[in-house]
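This report concerns only the one structure given below.
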Amino acid sequence: MNEPVEREEYRPSGTDLAPKLRDQEVGRTVVSARIPLSRADLVAYAGASGDHNPIHWNERFAREVGLDDVIAHGMLSMGSVLARITEWAADPGAIVDCRTRFTAPVIVADAASGTPDTPTAYLDMAAVVGAIDEEAGTVRLDISVSCGEDTVLGRTQAKVRLA
Amino acid sequence: MAVNTELQGASYALPEPYEVSREAIIEFARATGAQNRAHRSAEAAAEFGYADVVAPPTFAVIPSQRAEALYISNPEAGIDFSRVVHGSEQFTYARPIVAGDKLNAVCHVDGLREAGGHAMITTRTELTDANSDDAPVVTVTSTIVVRGGEA
């Protein structure tokens with residue numbers, strides 16, 4: 001009679017899943033993603049960040065200060081893009097430096113139909129290995145971020161420490 | 001209203017350290033779509049050697065914007081907030097922020113110049129560990145543009 005054999009289950013730890021410095025190659029795309037944004041996302045970010053500027057949730061106020069409509073917090077775009085990088089890096093503490101320029105506003109209109117969390121804008125991002133610093137043990141990712149035709153985050157970079 | 005250029009070099013400190021809670025990290029991670037388990041689970045964070053859940057890299061904007069607000073909303077600064085546009089942002093980490101941190105924040109007005117009716121202001125906010133002799137944690141460099149009024 002065969003007894004069921006107990007097998008040791010292999011469960012990779014976070015560090016096993018992290019990308020390795022030796023596997024990196026300049027010019028290779030390591031992350032690409034399309035990030036949906038809805039008016040509900042802007043309200044959630046306002047609450048989480050403490051940035052309650054009404055240009056991020058009130059159309060009338062946004063128009064009064066010369067915008068076409070409500071716009072996303074620049075820091076919501078930056079944070080959402082970096083969230084994809086920390087997923088790739090496995091260790092969120094591996095990001096030692098990150099920077100961006102806010103080059104164009106991301107308009108997030110109220111959804112014309114459906115629920116209020118229906119996305120009305122999409123960020124397209126791609127992160128490419130720009131440089132490898134063997135001595136520091138870091139890679140520099142150069143990240144492009146656009147919304148429709150517009151580059152919305154310019155010169156976006158993240159320096160990531162890898163084992 | 002004109003931006004007061006005499007404040008170049010001025011510093012503004014948060015009166016009390018910002019206390020980093022797990023709840024704040026989880027809420028910020030959710031709001032930015034950050035699904036890394038180390039933001040939610042102390043066990044997952046421990047796999048990387050951290051004492052508690054790890055904040056997303058841009059979480060530092062919460063305490064740094066509070067310190068910047070001490071400058072920007074000071075009537076002395078002469079900044080019309082409805083004309084402020086965010087220009088750029090940079091975070092340089094000495095170590096990641098984890099739940100339980102108490103962070104002191106000092107905002108330094110490093111650059112202040114006017115050109116073509118607009119003002120460009122660079123602030124540098126130093127976040128330091130209040131529990132550890134103000135050891136550096138992260139430097140947040142931010143530029144804002146204050147658009148000029150229609151003449």
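Ligands are numbered from 1 in the order shown, chains are lettered A, B, ... in the order of the structure tokens, and residues start at 1 in each chain.
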If we count only C-alpha atoms and set the cut-off at 7 Å, which residues sit around A:Ile71, ignoring sequence neighbours fewer than 3 positions away in its own chain? Please answer as a VMD selection string.
chain A and resid 55 to 56 105 to 108
Compile the residues of chain B that lie within 10 Å of chain A, evaluated using only C-alpha atoms, and express the compilation as number ranges by chain.
B: 23-39, 44-50, 53-63, 65-66, 81-83, 85-98, 138-143
Write a file of the just-selected residues containing C-alpha atoms, as an mmCIF file, in the first residue's frame.
data_model
loop_
_atom_site.group_PDB
_atom_site.id
_atom_site.type_symbol
_atom_site.label_atom_id
_atom_site.label_comp_id
_atom_site.auth_asym_id
_atom_site.auth_seq_id
_atom_site.Cartn_x
_atom_site.Cartn_y
_atom_site.Cartn_z
ATOM 1 C CA GLU B 23 -1.933 52.105 7.938
ATOM 2 C CA ALA B 24 -0.553 55.179 6.158
ATOM 3 C CA ILE B 25 1.884 53.023 4.152
ATOM 4 C CA ILE B 26 -0.850 50.551 3.166
ATOM 5 C CA GLU B 27 -3.213 53.349 2.127
ATOM 6 C CA PHE B 28 -0.517 55.140 0.102
ATOM 7 C CA ALA B 29 0.547 51.874 -1.577
ATOM 8 C CA ARG B 30 -3.061 51.126 -2.509
ATOM 9 C CA ALA B 31 -3.601 54.655 -3.873
ATOM 10 C CA THR B 32 -0.577 54.335 -6.175
ATOM 11 C CA GLY B 33 -1.290 50.752 -7.258
ATOM 12 C CA ALA B 34 1.822 49.447 -5.484
ATOM 13 C CA GLN B 35 1.225 45.723 -5.079
ATOM 14 C CA ASN B 36 4.562 44.685 -3.611
ATOM 15 C CA ARG B 37 3.767 42.553 -0.549
ATOM 16 C CA ALA B 38 6.502 44.262 1.484
ATOM 17 C CA HIS B 39 4.209 47.329 1.671
ATOM 18 C CA ALA B 44 7.341 39.895 3.430
ATOM 19 C CA ALA B 45 9.371 42.967 4.482
ATOM 20 C CA ALA B 46 11.418 40.777 6.856
ATOM 21 C CA GLU B 47 12.574 38.666 3.867
ATOM 22 C CA PHE B 48 14.576 41.724 2.855
ATOM 23 C CA GLY B 49 15.767 42.440 6.384
ATOM 24 C CA TYR B 50 13.361 45.225 7.321
ATOM 25 C CA VAL B 53 6.470 47.178 6.290
ATOM 26 C CA VAL B 54 8.374 49.295 3.761
ATOM 27 C CA ALA B 55 7.003 52.535 2.316
ATOM 28 C CA PRO B 56 6.824 53.069 -1.467
ATOM 29 C CA PRO B 57 9.638 55.358 -2.684
ATOM 30 C CA THR B 58 7.393 58.398 -3.167
ATOM 31 C CA PHE B 59 5.781 58.064 0.298
ATOM 32 C CA ALA B 60 8.367 60.609 1.511
ATOM 33 C CA VAL B 61 6.287 63.247 -0.264
ATOM 34 C CA ILE B 62 3.835 63.238 2.673
ATOM 35 C CA PRO B 63 6.210 64.650 5.319
ATOM 36 C CA GLN B 65 5.107 68.444 1.385
ATOM 37 C CA ARG B 66 4.074 69.286 4.944
ATOM 38 C CA PHE B 81 -0.835 78.848 -4.487
ATOM 39 C CA SER B 82 -3.447 78.844 -7.275
ATOM 40 C CA ARG B 83 -0.605 79.759 -9.667
ATOM 41 C CA VAL B 85 2.757 74.315 -10.970
ATOM 42 C CA HIS B 86 4.881 71.345 -9.897
ATOM 43 C CA GLY B 87 8.070 71.280 -11.990
ATOM 44 C CA SER B 88 10.131 68.313 -10.824
ATOM 45 C CA GLU B 89 10.704 65.944 -7.943
ATOM 46 C CA GLN B 90 13.621 63.816 -6.799
ATOM 47 C CA PHE B 91 14.082 61.407 -3.893
ATOM 48 C CA THR B 92 17.530 60.288 -2.769
ATOM 49 C CA TYR B 93 17.440 57.577 -0.131
ATOM 50 C CA ALA B 94 20.007 56.786 2.567
ATOM 51 C CA ARG B 95 17.662 53.984 3.646
ATOM 52 C CA PRO B 96 14.020 53.122 2.962
ATOM 53 C CA ILE B 97 11.249 54.423 5.218
ATOM 54 C CA VAL B 98 9.597 51.712 7.341
ATOM 55 C CA VAL B 138 15.884 60.731 2.432
ATOM 56 C CA THR B 139 16.476 64.025 0.653
ATOM 57 C CA VAL B 140 13.506 65.329 -1.338
ATOM 58 C CA THR B 141 14.275 67.981 -3.959
ATOM 59 C CA SER B 142 11.303 69.711 -5.498
ATOM 60 C CA THR B 143 10.911 72.541 -7.972
#
So which residues of stretch 32-128 of chain B fall under strand (DSSP E or B) by DSSP, listed as a PDB file with C-alpha atoms, in the first residue's frame?
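And here's out.pdb as it stands now:
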ATOM      1  CA  VAL B  54       8.374  49.295   3.761  1.00  0.00           C
ATOM      2  CA  VAL B  84       1.774  77.050  -8.517  1.00  0.00           C
ATOM      3  CA  VAL B  85       2.757  74.315 -10.970  1.00  0.00           C
ATOM      4  CA  HIS B  86       4.881  71.345  -9.897  1.00  0.00           C
ATOM      5  CA  GLY B  87       8.070  71.280 -11.990  1.00  0.00           C
ATOM      6  CA  SER B  88      10.131  68.313 -10.824  1.00  0.00           C
ATOM      7  CA  GLU B  89      10.704  65.944  -7.943  1.00  0.00           C
ATOM      8  CA  GLN B  90      13.621  63.816  -6.799  1.00  0.00           C
ATOM      9  CA  PHE B  91      14.082  61.407  -3.893  1.00  0.00           C
ATOM     10  CA  THR B  92      17.530  60.288  -2.769  1.00  0.00           C
ATOM     11  CA  TYR B  93      17.440  57.577  -0.131  1.00  0.00           C
ATOM     12  CA  VAL B  98       9.597  51.712   7.341  1.00  0.00           C
ATOM     13  CA  LYS B 102       9.704  59.104  13.306  1.00  0.00           C
ATOM     14  CA  LEU B 103      10.933  61.555  10.720  1.00  0.00           C
ATOM     15  CA  ASN B 104      12.060  65.096  11.301  1.00  0.00           C
ATOM     16  CA  ALA B 105      11.633  67.295   8.234  1.00  0.00           C
ATOM     17  CA  VAL B 106      13.430  70.534   7.415  1.00  0.00           C
ATOM     18  CA  CYS B 107      12.654  72.345   4.164  1.00  0.00           C
ATOM     19  CA  HIS B 108      15.451  74.545   2.778  1.00  0.00           C
ATOM     20  CA  VAL B 109      14.728  77.174   0.132  1.00  0.00           C
ATOM     21  CA  ASP B 110      17.758  76.494  -2.075  1.00  0.00           C
ATOM     22  CA  GLY B 111      16.885  78.369  -5.248  1.00  0.00           C
ATOM     23  CA  LEU B 112      14.590  81.252  -5.976  1.00  0.00           C
ATOM     24  CA  ARG B 113      14.707  83.117  -9.242  1.00  0.00           C
ATOM     25  CA  GLU B 114      12.370  85.125 -11.387  1.00  0.00           C
ATOM     26  CA  ALA B 115      12.316  85.026 -15.179  1.00  0.00           C
ATOM     27  CA  HIS B 118       7.418  83.571 -13.515  1.00  0.00           C
ATOM     28  CA  ALA B 119       9.258  82.453 -10.408  1.00  0.00           C
ATOM     29  CA  MET B 120      11.095  79.151 -10.159  1.00  0.00           C
ATOM     30  CA  ILE B 121      11.677  77.816  -6.671  1.00  0.00           C
ATOM     31  CA  THR B 122      13.804  74.846  -5.628  1.00  0.00           C
ATOM     32  CA  THR B 123      13.300  73.374  -2.181  1.00  0.00           C
ATOM     33  CA  ARG B 124      15.300  70.583  -0.546  1.00  0.00           C
ATOM     34  CA  THR B 125      13.667  68.792   2.339  1.00  0.00           C
ATOM     35  CA  GLU B 126      15.860  66.649   4.538  1.00  0.00           C
ATOM     36  CA  LEU B 127      14.034  63.824   6.310  1.00  0.00           C
ATOM     37  CA  THR B 128      16.020  62.454   9.215  1.00  0.00           C
TER      38      THR B 128
END
Chain A: residues DSSP assigns to alpha helix (DSSP H), reported as a PyMOL selection string:
chain A and resi 14-17+39-49+59-64+74-89
Ranking B:Glu19, B:Ala130, B:Val145, B:Ala135 by minimum distance to B:Asp80 and counting only C-alpha atoms, which one comes first?
B:Val145
